[in-house]
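Notes follow the structure.
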Amino acid sequence: MQWTMNWSLGQLRTFVAVADHGTMTAAARLLGYTPGAVSQHMSALRRVVGTDLVVRSGRTLTLTEAGRLLLGRARAILAAEAQAAEAIRGRVDDSLHGVTLGVFGSASVVAFGPAAAKLAGSGIGLQAREVDVEIMPSAVLEGRIDVGIGIDYPSSPLAPQRGLLMRTVREEAFNVVTASHLPDPTAADLADGSWILPRNDSTFGRAMRFACAELGIAPRESHIVVDSAVALAMVGSGMGFSLATPVTMSLAPSTARLVPGWSAGGRRIVVLVHEAMADQPAISHVVDVLAEVFAELVPAADPGRRGSGSVG
């Protein structure tokens, strides 16, 4: 007897989002649905499968054995659907093999142009798609992009995920940033001055605060700004201090600069691919080209590192 599962792609997409983010509210936010719509999708999928896929554990949902079995297959189905849809839409010239690259902020500034130039004449057409760096791994696993540029923070590392391959292409430290027209700040200046930082509920925000702690700084958080370009523009106008890496400084105006001697913490720039696609020649070649691009970046003058201690 042959069993047919009459689930929809929308239900599978919702299931994967719930599995990755742990709550129906988070999945709804990611997918642009209402929480009620997510609940309906999950209930309908449960009826199709005939057993529970998730169970509540405190404030989050965890997968049952059936849910774990379905998750990997659901990812593969969604990846195949996305690839088929892109091919039918003819996203690039028919003579090119199209590869969609997930980018964000500074990565798009420093990497996409040089990578596209290196790929010229290779038969590979590179297309950028902006993706929130916090959900870049999910975008790769779900097949929404072929390759993703992501960030891994040693102080808050990316959790390993089944099917996700990660290659480190650059490591860099955080540095204190100040306005170009101001003198180098003292420890007292950094302790008493205003700071411009991202939210502390993101991996980016937590990594910055770990770097501040390594420097012995308890920052006075006057402004909470997620967009690095906006934060650096505010620094350049003299509104306070922030932290940035050499690559992030590609977004900075000429009115902002790194401060020598105040460097700590760090991040790794990584290239992400689905293991099922990693051996495809076009995907493999794009990953190698991105590694070359980041290796060839001219590093900013080393501002030096300062160990932990107290400021005052």
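In the structure tokens, chains take the letters A, B, ... in the order shown, each chain's residues start at 1, and ligands count up from 1 in the order shown.
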Could you pull the residues within 6 Å of Ser180 in chain A, counting only C-alpha atoms, minus those fewer than 5 positions along the same chain, as number ranges by chain? A: 255-257
Could you save those same residues with N, CA and C atoms as an mmCIF file, in the first residue's frame?
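Contents of part-v1.cif, as written:
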```cif
data_model
loop_
_atom_site.group_PDB
_atom_site.id
_atom_site.type_symbol
_atom_site.label_atom_id
_atom_site.label_comp_id
_atom_site.auth_asym_id
_atom_site.auth_seq_id
_atom_site.Cartn_x
_atom_site.Cartn_y
_atom_site.Cartn_z
ATOM 1 N N THR A 255 34.518 60.821 8.276
ATOM 2 C CA THR A 255 34.520 61.533 9.557
ATOM 3 C C THR A 255 34.659 60.596 10.754
ATOM 4 N N ALA A 256 34.765 59.267 10.509
ATOM 5 C CA ALA A 256 34.948 58.296 11.589
ATOM 6 C C ALA A 256 36.242 57.524 11.365
ATOM 7 N N ARG A 257 36.904 57.128 12.452
ATOM 8 C CA ARG A 257 38.181 56.412 12.335
ATOM 9 C C ARG A 257 38.342 55.440 13.491
#
```
Can you write out as a tab-separated table which residues of range 155-236 of chain A fall within 12 Å of range 276-293 of chain A, alongside each residue's closest atom pair and its distance in Å to one decimal, counting only C-alpha atoms and ordering rows by chain and ascending residue number?
```
residue	atom	partner	partner_atom	distance
A:Arg162	CA	A:Ala276	CA	10.9
A:Gly163	CA	A:Ala276	CA	7.3
A:Leu164	CA	A:Ala276	CA	8.9
A:Leu165	CA	A:Ala278	CA	8.0
A:Met166	CA	A:Val287	CA	10.2
A:Arg167	CA	A:Val287	CA	8.5
A:Thr168	CA	A:Ala291	CA	8.1
A:Val169	CA	A:Ala291	CA	5.1
A:Arg170	CA	A:Ala291	CA	8.0
A:Glu171	CA	A:Ala291	CA	11.8
```
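For the atom pair formed by CA of Ile151 in chain A and CA of His97 in chain A, the distance is 26.4 Å, given to one decimal.
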Selection: 8 Å around range 187-193 of chain A, only C-alpha atoms, excl. self and same-chain fewer than 2 positions, as a PyMOL selection string: chain A and resi 185+195+217-220+240-241+311-312
Generate the output file for the selected residues, C-alpha atoms, as a short mmCIF file (atom, residue, chain, number, x, y, z; two decimals), in the first residue's frame.
```cif
data_model
loop_
_atom_site.label_atom_id
_atom_site.label_comp_id
_atom_site.auth_asym_id
_atom_site.auth_seq_id
_atom_site.Cartn_x
_atom_site.Cartn_y
_atom_site.Cartn_z
CA PRO A 185 40.21 59.02 23.71
CA TRP A 195 28.17 54.89 23.26
CA ILE A 217 34.74 49.28 29.57
CA ALA A 218 31.22 49.43 30.98
CA PRO A 219 29.73 51.55 28.17
CA ARG A 220 27.10 54.20 28.82
CA GLY A 240 29.65 59.02 20.79
CA PHE A 241 31.88 55.97 20.52
CA VAL A 311 38.87 52.09 33.23
CA GLY A 312 38.39 55.06 35.41
#
```
